[in-house]
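J.: Let me begin by handing over the structure; questions about it come next.
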Amino acid sequence: MAQNTFYVTTPIYYGTAKPHLGSLYSTLIADVESRWQQLNGKETYFLTGTDEHGQKIMQAAEKVGKTPQEFVDSFIAAYQEAWNTYHIDYSQFIRTTDPRHIQRVQALISKLLAQGDIYKGSYDGWYCTPCETYVTPGGQKENPDCTDCGRPTEKVSEETYFFKLSKYQDKLLEWYKAHPDFVAPKERLNEVKSFVESGLKDLSMSRTTISWGVPFPNDPEHVVYVWVDALCNYITAIGYGDDAEKKQFEKWWPANLQVLGKDIVRFHAVYWPALLMAAELELPKQLLVHGWIQVDSQKMSKSLGNVVDPIELADAYGAEAVRYYLLRKIPVNTDGNFSTGDLEQCITSDLANDLGNLLHRMVSLADRYGRHEIAPVEVWSSKAVHLRDESWNAIEEYKMHMQAHEFHLALARLWKFINKVNAYFHEQEPWKLAKSDPHAFLEVLSATCHSLRIIAALLWPIMPTKMEELLRSLGHTFDIKKESIESLELGTWRQTFLLKKMDTLFQKIEEKPVEETTKSAPEKAPEKKEDYIKIDDVIKVDLRVGTITSAESVPESEKLIKMQVDFGDLGTKQIFAGVRKWYQPEDLLGKQGTFVVNLKPRKMLGQISEGMMLFAEDAAGKLHPVNPEGLVPNGVRLR
Ligand code: MSP
């Protein structure tokens, strides 16, 4: 296989339910890996799809009075919609009910039958339908619970074909030894090794008591065990078993990376390589195993009502902000926790404040002084040279973490650089230089543009459309075919930028209307709303009258006014209000208003806001301050 290709796969999802946050997570990782390799100049092939056979699907379809085919067909659109929403750029969506897949699985089984790797026998044991797995009883219990999910199993006694898995035990152990990076992270490989060392039994690979599956070659009473059928998708999708597609298969196999969750490691790191060894095919280069996502520290489950729907999440927060959050906050190698509070905080602080605002401040400032074309500087000052060196360090370290699949560390490293660019911009005070030293002013703009260009290219695998938007604002059309990490590394900051003012790149959560944020808490089961609140709830809110003693606009924001408010004995508090659309600071100066003063102080544009001013909206949408009718002493509490 040529060095310059990269084949990445996701597990194929059971066609029994809509996609949820867990399925999104596996798929997102694969998408980011694929885009990252494209940025490294590789041609990539990215496979995802659905696992549509087996007892679980048959039973679920029966329950709702559909045929299994009708049943699985009803979920496909939901997967495709979710992946489109999240800008998942897959090359193929395979379905295991596709006749081409079925024929190619049969081709593989025929080969193994012919060479004696499969034999007929009978299986007498236990089966877990939710996991679609055979369970070996351990301990004293007659009817064992599933060793993976803990649910009850059912007795199965049937004639079956066995795959000679035991024959591959030593070969597998040799393989793991020779390829310590076969499974990432390494700890997962140790679990696999001990499982194999404890002894492998031959694998029952056909069922006669169910009919929804790939018919066994020459023995259609049997259908292929659903896990064997499903694992084969990774090769059937790219043409295994079809002479007409031999070249395509040779181009892509072996896969460079197979992404999967920790619950399905045994299937991928034991059964799958053994089947490939038997088929005389190369093994995938690496399996990347990710942890599980919990929601508010609890397992996601229908009964708890906390299953997160990716589409609702994207509607509420934007798909690319969710992509960033999942990769920034959840390390791939451990279990992680999802909470909307964290997500909102991450959007406001990392995306809106640190990144979006940097772009916005720079472009607005340049615009204010009529500077749109920003030419490179002939001789950079030492401060700019320092920033450029920092950018190269950031690229190197980001690259190292991305190659090791440490997305959270890569992003944390990049944010260190973003903060450096922010500090540089702030310290140079370009708004003063604009008048006093136009040459230095242009240098600050140019250095900031070059830095943002690097940041956007590095972040493209994580937030592709947002970063393309950012680059458009710098006058750069992103074309992945022409982009490369190499050119960023070698870039000597010689570009000209054509700045364009654009809409805010990321909206802060606190600026959203209240109904929008409440509507967007999708991880919670719909709560029954009480019509009444208790008096205690009213008392909790400390509402005070205060006089605005100073008011100024905030240069970095089009909406905010910063006020100092006198609350008499309570002292003076700094409070921000997003009302510039209707008021100039001087309109508010000296006015009294009503404020919530016991809100938790929060950071806005790097400064603390210690309360909230109350406004009432008129029919035209204008906000009016809420005032007592007569003049009252400052600090008076509303009752
Ligand atoms: N159909 C099998 C895979 C066959 S691959 C040849 C399957 N499907 S699944 O739909 O149950 O799970 C698919 C993937 O979603 C797995 O990688 C699993 O780990 C992942 N997730 C499901 N729930 C998850 C979380 N709560 N968190 C993170 N990922 C989890 O298994």
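Ordering of the structure tokens sets the chain letters (A, B, ...), residue numbers begin anew at 1 in every chain, and ligands are numbered from 1 in the order given.
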Select the residues contacting ligand 1 at a distance of at most 6 Å, based on only C-alpha atoms and all ligand atoms, then format the selection as a CSV table (one decimal) with N, CA and C atoms, in the first residue's frame.

T.:
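So out.csv came out as:
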```csv
chain,number,residue,atom,x,y,z
A,11,PRO,N,-16.7,2.0,14.3
A,11,PRO,CA,-17.5,0.8,14.4
A,11,PRO,C,-18.8,1.1,13.6
A,12,ILE,N,-19.5,0.0,13.2
A,12,ILE,CA,-20.7,0.3,12.5
A,12,ILE,C,-21.8,0.1,13.6
A,13,TYR,N,-22.7,1.1,13.6
A,13,TYR,CA,-23.7,1.2,14.7
A,13,TYR,C,-24.9,0.3,14.5
A,14,TYR,N,-25.4,-0.2,15.6
A,14,TYR,CA,-26.6,-1.1,15.6
A,14,TYR,C,-27.7,-0.3,15.1
A,22,GLY,N,-22.7,9.0,22.3
A,22,GLY,CA,-21.6,8.0,22.2
A,22,GLY,C,-21.2,7.6,20.7
A,23,SER,N,-22.3,7.4,19.9
A,23,SER,CA,-22.0,7.1,18.5
A,23,SER,C,-21.3,8.3,17.8
A,25,TYR,N,-19.4,10.4,19.2
A,25,TYR,CA,-18.0,10.5,19.7
A,25,TYR,C,-17.1,9.6,18.8
A,26,SER,N,-17.4,8.3,18.6
A,26,SER,CA,-16.6,7.4,17.8
A,26,SER,C,-16.4,8.0,16.4
A,51,ASP,N,-24.8,-1.6,11.4
A,51,ASP,CA,-24.7,-3.1,11.7
A,51,ASP,C,-26.2,-3.5,11.8
A,230,ALA,N,-20.4,-8.3,11.0
A,230,ALA,CA,-20.1,-6.9,11.1
A,230,ALA,C,-18.7,-6.5,11.0
A,231,LEU,N,-17.8,-7.3,11.6
A,231,LEU,CA,-16.3,-7.0,11.5
A,231,LEU,C,-15.9,-7.0,10.0
A,260,LEU,N,-12.7,2.7,17.9
A,260,LEU,CA,-13.8,1.9,18.6
A,260,LEU,C,-13.9,2.2,20.1
A,261,GLY,N,-15.0,1.9,20.7
A,261,GLY,CA,-15.1,2.2,22.1
A,261,GLY,C,-14.6,1.0,23.0
A,262,LYS,N,-14.3,1.3,24.2
A,262,LYS,CA,-13.7,0.2,25.1
A,262,LYS,C,-14.5,-1.0,25.2
A,263,ASP,N,-15.8,-0.9,25.0
A,263,ASP,CA,-16.7,-2.1,25.2
A,263,ASP,C,-16.5,-3.1,24.1
A,291,GLY,N,-12.7,5.9,25.6
A,291,GLY,CA,-13.5,5.6,26.8
A,291,GLY,C,-15.0,5.9,26.5
A,292,TRP,N,-15.8,5.8,27.6
A,292,TRP,CA,-17.2,6.1,27.5
A,292,TRP,C,-17.5,7.5,28.0
A,293,ILE,N,-18.6,8.0,27.4
A,293,ILE,CA,-19.0,9.3,27.9
A,293,ILE,C,-20.2,9.2,28.8
A,294,GLN,N,-20.1,9.8,30.0
A,294,GLN,CA,-21.2,9.8,30.9
A,294,GLN,C,-21.9,11.2,30.8
A,300,MET,N,-25.3,7.0,30.3
A,300,MET,CA,-26.4,7.5,29.5
A,300,MET,C,-27.4,6.3,29.3
```

J.: Out of stretch 126-313 of chain A, which residues get helix (DSSP H, G or I) from DSSP, as a PDB file with N, CA and C atoms, in the first residue's frame?

T.:
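The result, stored in states_4.pdb:
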```
ATOM      1  N   LEU A 165     -10.525 -20.482  16.443  1.00  0.00           N
ATOM      2  CA  LEU A 165      -9.869 -19.337  17.071  1.00  0.00           C
ATOM      3  C   LEU A 165      -8.646 -19.789  17.877  1.00  0.00           C
ATOM      4  N   SER A 166      -8.777 -20.963  18.542  1.00  0.00           N
ATOM      5  CA  SER A 166      -7.697 -21.436  19.421  1.00  0.00           C
ATOM      6  C   SER A 166      -6.379 -21.602  18.650  1.00  0.00           C
ATOM      7  N   LYS A 167      -6.515 -21.935  17.369  1.00  0.00           N
ATOM      8  CA  LYS A 167      -5.329 -22.136  16.539  1.00  0.00           C
ATOM      9  C   LYS A 167      -4.493 -20.848  16.429  1.00  0.00           C
ATOM     10  N   TYR A 168      -5.141 -19.702  16.659  1.00  0.00           N
ATOM     11  CA  TYR A 168      -4.448 -18.418  16.453  1.00  0.00           C
ATOM     12  C   TYR A 168      -3.944 -17.785  17.755  1.00  0.00           C
ATOM     13  N   GLN A 169      -4.131 -18.501  18.846  1.00  0.00           N
ATOM     14  CA  GLN A 169      -3.736 -17.927  20.131  1.00  0.00           C
ATOM     15  C   GLN A 169      -2.263 -17.484  20.153  1.00  0.00           C
ATOM     16  N   ASP A 170      -1.367 -18.374  19.782  1.00  0.00           N
ATOM     17  CA  ASP A 170       0.065 -18.026  19.853  1.00  0.00           C
ATOM     18  C   ASP A 170       0.428 -16.953  18.841  1.00  0.00           C
ATOM     19  N   LYS A 171      -0.176 -17.077  17.661  1.00  0.00           N
ATOM     20  CA  LYS A 171       0.124 -16.075  16.617  1.00  0.00           C
ATOM     21  C   LYS A 171      -0.314 -14.686  17.069  1.00  0.00           C
ATOM     22  N   LEU A 172      -1.451 -14.643  17.750  1.00  0.00           N
ATOM     23  CA  LEU A 172      -1.930 -13.343  18.233  1.00  0.00           C
ATOM     24  C   LEU A 172      -0.957 -12.773  19.260  1.00  0.00           C
ATOM     25  N   LEU A 173      -0.535 -13.644  20.187  1.00  0.00           N
ATOM     26  CA  LEU A 173       0.380 -13.155  21.232  1.00  0.00           C
ATOM     27  C   LEU A 173       1.691 -12.665  20.616  1.00  0.00           C
ATOM     28  N   GLU A 174       2.153 -13.380  19.597  1.00  0.00           N
ATOM     29  CA  GLU A 174       3.389 -12.930  18.909  1.00  0.00           C
ATOM     30  C   GLU A 174       3.162 -11.566  18.260  1.00  0.00           C
ATOM     31  N   TRP A 175       1.991 -11.439  17.650  1.00  0.00           N
ATOM     32  CA  TRP A 175       1.669 -10.176  16.970  1.00  0.00           C
ATOM     33  C   TRP A 175       1.682  -9.001  17.953  1.00  0.00           C
ATOM     34  N   TYR A 176       1.015  -9.202  19.101  1.00  0.00           N
ATOM     35  CA  TYR A 176       0.962  -8.114  20.090  1.00  0.00           C
ATOM     36  C   TYR A 176       2.388  -7.738  20.535  1.00  0.00           C
ATOM     37  N   LYS A 177       3.207  -8.785  20.697  1.00  0.00           N
ATOM     38  CA  LYS A 177       4.573  -8.533  21.174  1.00  0.00           C
ATOM     39  C   LYS A 177       5.356  -7.721  20.138  1.00  0.00           C
ATOM     40  N   ALA A 178       5.203  -8.100  18.897  1.00  0.00           N
ATOM     41  CA  ALA A 178       5.958  -7.427  17.831  1.00  0.00           C
ATOM     42  C   ALA A 178       5.373  -6.051  17.493  1.00  0.00           C
ATOM     43  N   LYS A 186      -1.968   2.004  25.330  1.00  0.00           N
ATOM     44  CA  LYS A 186      -1.272   0.740  25.600  1.00  0.00           C
ATOM     45  C   LYS A 186      -1.951  -0.131  26.664  1.00  0.00           C
ATOM     46  N   GLU A 187      -2.548   0.527  27.685  1.00  0.00           N
ATOM     47  CA  GLU A 187      -3.170  -0.258  28.775  1.00  0.00           C
ATOM     48  C   GLU A 187      -4.228  -1.213  28.228  1.00  0.00           C
ATOM     49  N   ARG A 188      -4.891  -0.803  27.172  1.00  0.00           N
ATOM     50  CA  ARG A 188      -5.944  -1.658  26.606  1.00  0.00           C
ATOM     51  C   ARG A 188      -5.333  -2.923  26.023  1.00  0.00           C
ATOM     52  N   LEU A 189      -4.114  -2.800  25.504  1.00  0.00           N
ATOM     53  CA  LEU A 189      -3.473  -3.971  24.911  1.00  0.00           C
ATOM     54  C   LEU A 189      -3.173  -4.996  26.006  1.00  0.00           C
ATOM     55  N   ASN A 190      -2.808  -4.512  27.198  1.00  0.00           N
ATOM     56  CA  ASN A 190      -2.527  -5.449  28.290  1.00  0.00           C
ATOM     57  C   ASN A 190      -3.763  -6.269  28.633  1.00  0.00           C
ATOM     58  N   GLU A 191      -4.925  -5.598  28.617  1.00  0.00           N
ATOM     59  CA  GLU A 191      -6.173  -6.333  28.914  1.00  0.00           C
ATOM     60  C   GLU A 191      -6.381  -7.425  27.871  1.00  0.00           C
ATOM     61  N   VAL A 192      -6.107  -7.081  26.620  1.00  0.00           N
ATOM     62  CA  VAL A 192      -6.319  -8.021  25.528  1.00  0.00           C
ATOM     63  C   VAL A 192      -5.371  -9.211  25.685  1.00  0.00           C
ATOM     64  N   LYS A 193      -4.109  -8.879  25.976  1.00  0.00           N
ATOM     65  CA  LYS A 193      -3.108  -9.943  26.118  1.00  0.00           C
ATOM     66  C   LYS A 193      -3.529 -10.932  27.193  1.00  0.00           C
ATOM     67  N   SER A 194      -3.939 -10.413  28.358  1.00  0.00           N
ATOM     68  CA  SER A 194      -4.294 -11.359  29.425  1.00  0.00           C
ATOM     69  C   SER A 194      -5.496 -12.196  29.024  1.00  0.00           C
ATOM     70  N   PHE A 195      -6.417 -11.618  28.274  1.00  0.00           N
ATOM     71  CA  PHE A 195      -7.574 -12.404  27.824  1.00  0.00           C
ATOM     72  C   PHE A 195      -7.100 -13.556  26.928  1.00  0.00           C
ATOM     73  N   VAL A 196      -6.198 -13.258  26.018  1.00  0.00           N
ATOM     74  CA  VAL A 196      -5.732 -14.298  25.079  1.00  0.00           C
ATOM     75  C   VAL A 196      -4.886 -15.323  25.827  1.00  0.00           C
ATOM     76  N   GLU A 197      -4.035 -14.845  26.736  1.00  0.00           N
ATOM     77  CA  GLU A 197      -3.172 -15.774  27.491  1.00  0.00           C
ATOM     78  C   GLU A 197      -3.992 -16.741  28.333  1.00  0.00           C
ATOM     79  N   VAL A 226     -23.478 -12.500  13.970  1.00  0.00           N
ATOM     80  CA  VAL A 226     -23.548 -11.086  13.588  1.00  0.00           C
ATOM     81  C   VAL A 226     -22.230 -10.330  13.794  1.00  0.00           C
ATOM     82  N   TRP A 227     -21.439 -10.700  14.791  1.00  0.00           N
ATOM     83  CA  TRP A 227     -20.175  -9.978  14.994  1.00  0.00           C
ATOM     84  C   TRP A 227     -19.172 -10.274  13.872  1.00  0.00           C
ATOM     85  N   VAL A 228     -19.192 -11.514  13.375  1.00  0.00           N
ATOM     86  CA  VAL A 228     -18.279 -11.847  12.269  1.00  0.00           C
ATOM     87  C   VAL A 228     -18.733 -11.077  11.021  1.00  0.00           C
ATOM     88  N   ASP A 229     -20.029 -11.105  10.765  1.00  0.00           N
ATOM     89  CA  ASP A 229     -20.635 -10.359   9.660  1.00  0.00           C
ATOM     90  C   ASP A 229     -20.240  -8.873   9.761  1.00  0.00           C
ATOM     91  N   ALA A 230     -20.379  -8.314  10.968  1.00  0.00           N
ATOM     92  CA  ALA A 230     -20.137  -6.872  11.146  1.00  0.00           C
ATOM     93  C   ALA A 230     -18.655  -6.525  10.966  1.00  0.00           C
ATOM     94  N   LEU A 231     -17.780  -7.326  11.579  1.00  0.00           N
ATOM     95  CA  LEU A 231     -16.339  -7.012  11.477  1.00  0.00           C
ATOM     96  C   LEU A 231     -15.869  -7.000  10.026  1.00  0.00           C
ATOM     97  N   ASN A 233     -17.173  -5.818   7.582  1.00  0.00           N
ATOM     98  CA  ASN A 233     -17.493  -4.597   6.820  1.00  0.00           C
ATOM     99  C   ASN A 233     -16.248  -3.792   6.468  1.00  0.00           C
ATOM    100  N   TYR A 234     -15.232  -3.899   7.357  1.00  0.00           N
ATOM    101  CA  TYR A 234     -14.042  -3.078   7.145  1.00  0.00           C
ATOM    102  C   TYR A 234     -13.298  -3.465   5.864  1.00  0.00           C
ATOM    103  N   ILE A 235     -13.492  -4.717   5.435  1.00  0.00           N
ATOM    104  CA  ILE A 235     -12.829  -5.113   4.178  1.00  0.00           C
ATOM    105  C   ILE A 235     -13.819  -5.199   3.013  1.00  0.00           C
ATOM    106  N   THR A 236     -15.063  -5.602   3.313  1.00  0.00           N
ATOM    107  CA  THR A 236     -16.011  -5.725   2.189  1.00  0.00           C
ATOM    108  C   THR A 236     -16.295  -4.352   1.568  1.00  0.00           C
ATOM    109  N   ASP A 243     -13.384  -9.511  -7.503  1.00  0.00           N
ATOM    110  CA  ASP A 243     -12.217  -9.341  -8.376  1.00  0.00           C
ATOM    111  C   ASP A 243     -12.183  -7.980  -9.045  1.00  0.00           C
ATOM    112  N   ALA A 244     -13.386  -7.479  -9.369  1.00  0.00           N
ATOM    113  CA  ALA A 244     -13.435  -6.194 -10.074  1.00  0.00           C
ATOM    114  C   ALA A 244     -12.896  -5.055  -9.202  1.00  0.00           C
ATOM    115  N   GLU A 245     -12.844  -5.282  -7.878  1.00  0.00           N
ATOM    116  CA  GLU A 245     -12.420  -4.187  -6.990  1.00  0.00           C
ATOM    117  C   GLU A 245     -11.075  -4.460  -6.313  1.00  0.00           C
ATOM    118  N   LYS A 246     -10.358  -5.414  -6.907  1.00  0.00           N
ATOM    119  CA  LYS A 246      -9.094  -5.842  -6.294  1.00  0.00           C
ATOM    120  C   LYS A 246      -8.136  -4.664  -6.069  1.00  0.00           C
ATOM    121  N   LYS A 247      -8.052  -3.807  -7.093  1.00  0.00           N
ATOM    122  CA  LYS A 247      -7.094  -2.684  -7.015  1.00  0.00           C
ATOM    123  C   LYS A 247      -7.456  -1.737  -5.883  1.00  0.00           C
ATOM    124  N   GLN A 248      -8.760  -1.471  -5.792  1.00  0.00           N
ATOM    125  CA  GLN A 248      -9.268  -0.569  -4.752  1.00  0.00           C
ATOM    126  C   GLN A 248      -8.938  -1.163  -3.379  1.00  0.00           C
ATOM    127  N   PHE A 249      -9.163  -2.485  -3.254  1.00  0.00           N
ATOM    128  CA  PHE A 249      -8.888  -3.143  -1.975  1.00  0.00           C
ATOM    129  C   PHE A 249      -7.397  -3.030  -1.636  1.00  0.00           C
ATOM    130  N   GLU A 250      -6.568  -3.287  -2.619  1.00  0.00           N
ATOM    131  CA  GLU A 250      -5.126  -3.234  -2.351  1.00  0.00           C
ATOM    132  C   GLU A 250      -4.655  -1.817  -2.046  1.00  0.00           C
ATOM    133  N   LYS A 251      -5.376  -0.861  -2.615  1.00  0.00           N
ATOM    134  CA  LYS A 251      -4.992   0.529  -2.350  1.00  0.00           C
ATOM    135  C   LYS A 251      -5.191   0.880  -0.864  1.00  0.00           C
ATOM    136  N   TRP A 252      -6.299   0.377  -0.285  1.00  0.00           N
ATOM    137  CA  TRP A 252      -6.640   0.858   1.060  1.00  0.00           C
ATOM    138  C   TRP A 252      -6.303  -0.090   2.199  1.00  0.00           C
ATOM    139  N   LYS A 262     -14.313   1.255  24.230  1.00  0.00           N
ATOM    140  CA  LYS A 262     -13.657   0.246  25.065  1.00  0.00           C
ATOM    141  C   LYS A 262     -14.487  -1.028  25.243  1.00  0.00           C
ATOM    142  N   ASP A 263     -15.808  -0.922  25.023  1.00  0.00           N
ATOM    143  CA  ASP A 263     -16.682  -2.081  25.222  1.00  0.00           C
ATOM    144  C   ASP A 263     -16.517  -3.140  24.128  1.00  0.00           C
ATOM    145  N   ILE A 264     -15.895  -2.764  23.007  1.00  0.00           N
ATOM    146  CA  ILE A 264     -15.841  -3.745  21.914  1.00  0.00           C
ATOM    147  C   ILE A 264     -14.393  -4.058  21.501  1.00  0.00           C
ATOM    148  N   VAL A 265     -13.501  -3.960  22.490  1.00  0.00           N
ATOM    149  CA  VAL A 265     -12.079  -4.206  22.206  1.00  0.00           C
ATOM    150  C   VAL A 265     -11.822  -5.673  21.855  1.00  0.00           C
ATOM    151  N   ARG A 266     -12.450  -6.579  22.624  1.00  0.00           N
ATOM    152  CA  ARG A 266     -12.166  -8.003  22.409  1.00  0.00           C
ATOM    153  C   ARG A 266     -12.490  -8.420  20.968  1.00  0.00           C
ATOM    154  N   PHE A 267     -13.613  -7.920  20.468  1.00  0.00           N
ATOM    155  CA  PHE A 267     -14.003  -8.289  19.099  1.00  0.00           C
ATOM    156  C   PHE A 267     -12.973  -7.788  18.089  1.00  0.00           C
ATOM    157  N   HIS A 268     -12.457  -6.580  18.336  1.00  0.00           N
ATOM    158  CA  HIS A 268     -11.545  -5.968  17.362  1.00  0.00           C
ATOM    159  C   HIS A 268     -10.091  -6.371  17.538  1.00  0.00           C
ATOM    160  N   ALA A 269      -9.700  -6.685  18.770  1.00  0.00           N
ATOM    161  CA  ALA A 269      -8.274  -6.959  18.988  1.00  0.00           C
ATOM    162  C   ALA A 269      -7.986  -8.453  19.085  1.00  0.00           C
ATOM    163  N   VAL A 270      -9.044  -9.290  19.132  1.00  0.00           N
ATOM    164  CA  VAL A 270      -8.818 -10.733  19.201  1.00  0.00           C
ATOM    165  C   VAL A 270      -9.482 -11.431  18.003  1.00  0.00           C
ATOM    166  N   TYR A 271     -10.808 -11.381  17.928  1.00  0.00           N
ATOM    167  CA  TYR A 271     -11.496 -12.129  16.859  1.00  0.00           C
ATOM    168  C   TYR A 271     -11.116 -11.590  15.478  1.00  0.00           C
ATOM    169  N   TRP A 272     -11.112 -10.268  15.351  1.00  0.00           N
ATOM    170  CA  TRP A 272     -10.875  -9.641  14.049  1.00  0.00           C
ATOM    171  C   TRP A 272      -9.469  -9.970  13.513  1.00  0.00           C
ATOM    172  N   PRO A 273      -8.398  -9.756  14.292  1.00  0.00           N
ATOM    173  CA  PRO A 273      -7.087 -10.122  13.751  1.00  0.00           C
ATOM    174  C   PRO A 273      -6.970 -11.615  13.457  1.00  0.00           C
ATOM    175  N   ALA A 274      -7.623 -12.459  14.290  1.00  0.00           N
ATOM    176  CA  ALA A 274      -7.533 -13.907  14.039  1.00  0.00           C
ATOM    177  C   ALA A 274      -8.211 -14.242  12.705  1.00  0.00           C
ATOM    178  N   LEU A 275      -9.356 -13.626  12.452  1.00  0.00           N
ATOM    179  CA  LEU A 275     -10.048 -13.867  11.175  1.00  0.00           C
ATOM    180  C   LEU A 275      -9.183 -13.397  10.001  1.00  0.00           C
ATOM    181  N   LEU A 276      -8.537 -12.251  10.186  1.00  0.00           N
ATOM    182  CA  LEU A 276      -7.686 -11.724   9.109  1.00  0.00           C
ATOM    183  C   LEU A 276      -6.476 -12.629   8.875  1.00  0.00           C
ATOM    184  N   MET A 277      -5.923 -13.155   9.970  1.00  0.00           N
ATOM    185  CA  MET A 277      -4.781 -14.080   9.820  1.00  0.00           C
ATOM    186  C   MET A 277      -5.226 -15.295   9.023  1.00  0.00           C
ATOM    187  N   ALA A 278      -6.420 -15.805   9.381  1.00  0.00           N
ATOM    188  CA  ALA A 278      -6.930 -16.982   8.666  1.00  0.00           C
ATOM    189  C   ALA A 278      -7.175 -16.654   7.191  1.00  0.00           C
ATOM    190  N   PRO A 310     -27.627  14.184  19.514  1.00  0.00           N
ATOM    191  CA  PRO A 310     -26.655  15.092  18.895  1.00  0.00           C
ATOM    192  C   PRO A 310     -27.297  16.216  18.082  1.00  0.00           C
ATOM    193  N   ILE A 311     -28.449  15.946  17.467  1.00  0.00           N
ATOM    194  CA  ILE A 311     -29.070  16.985  16.637  1.00  0.00           C
ATOM    195  C   ILE A 311     -29.574  18.131  17.520  1.00  0.00           C
ATOM    196  N   GLU A 312     -30.220  17.762  18.623  1.00  0.00           N
ATOM    197  CA  GLU A 312     -30.709  18.814  19.537  1.00  0.00           C
ATOM    198  C   GLU A 312     -29.547  19.648  20.062  1.00  0.00           C
ATOM    199  N   LEU A 313     -28.462  18.956  20.329  1.00  0.00           N
ATOM    200  CA  LEU A 313     -27.280  19.637  20.861  1.00  0.00           C
ATOM    201  C   LEU A 313     -26.722  20.619  19.827  1.00  0.00           C
TER     202      LEU A 313
END
```

J.: Between atom CA of A:Gln258 and atom CA of A:Leu287, measure the distance and give it in Å to one decimal.

T.: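 About the pair atom CA of A:Gln258 and atom CA of A:Leu287: they are 4.8 Å apart.
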
J.: For A:Lys500, which of A:Val385, A:Ile535, A:Met362, A:Ile548 is the closest residue, counting only C-alpha atoms?

T.: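 Among the listed residues, A:Met362 lies closest to A:Lys500.
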
J.: Which value, in Å to one decimal, gives the distance between atom CA of A:Asp202 and atom CA of A:Met58?

T.: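 Atom-to-atom, atom CA of A:Asp202 and atom CA of A:Met58 are spaced 25.7 Å apart.
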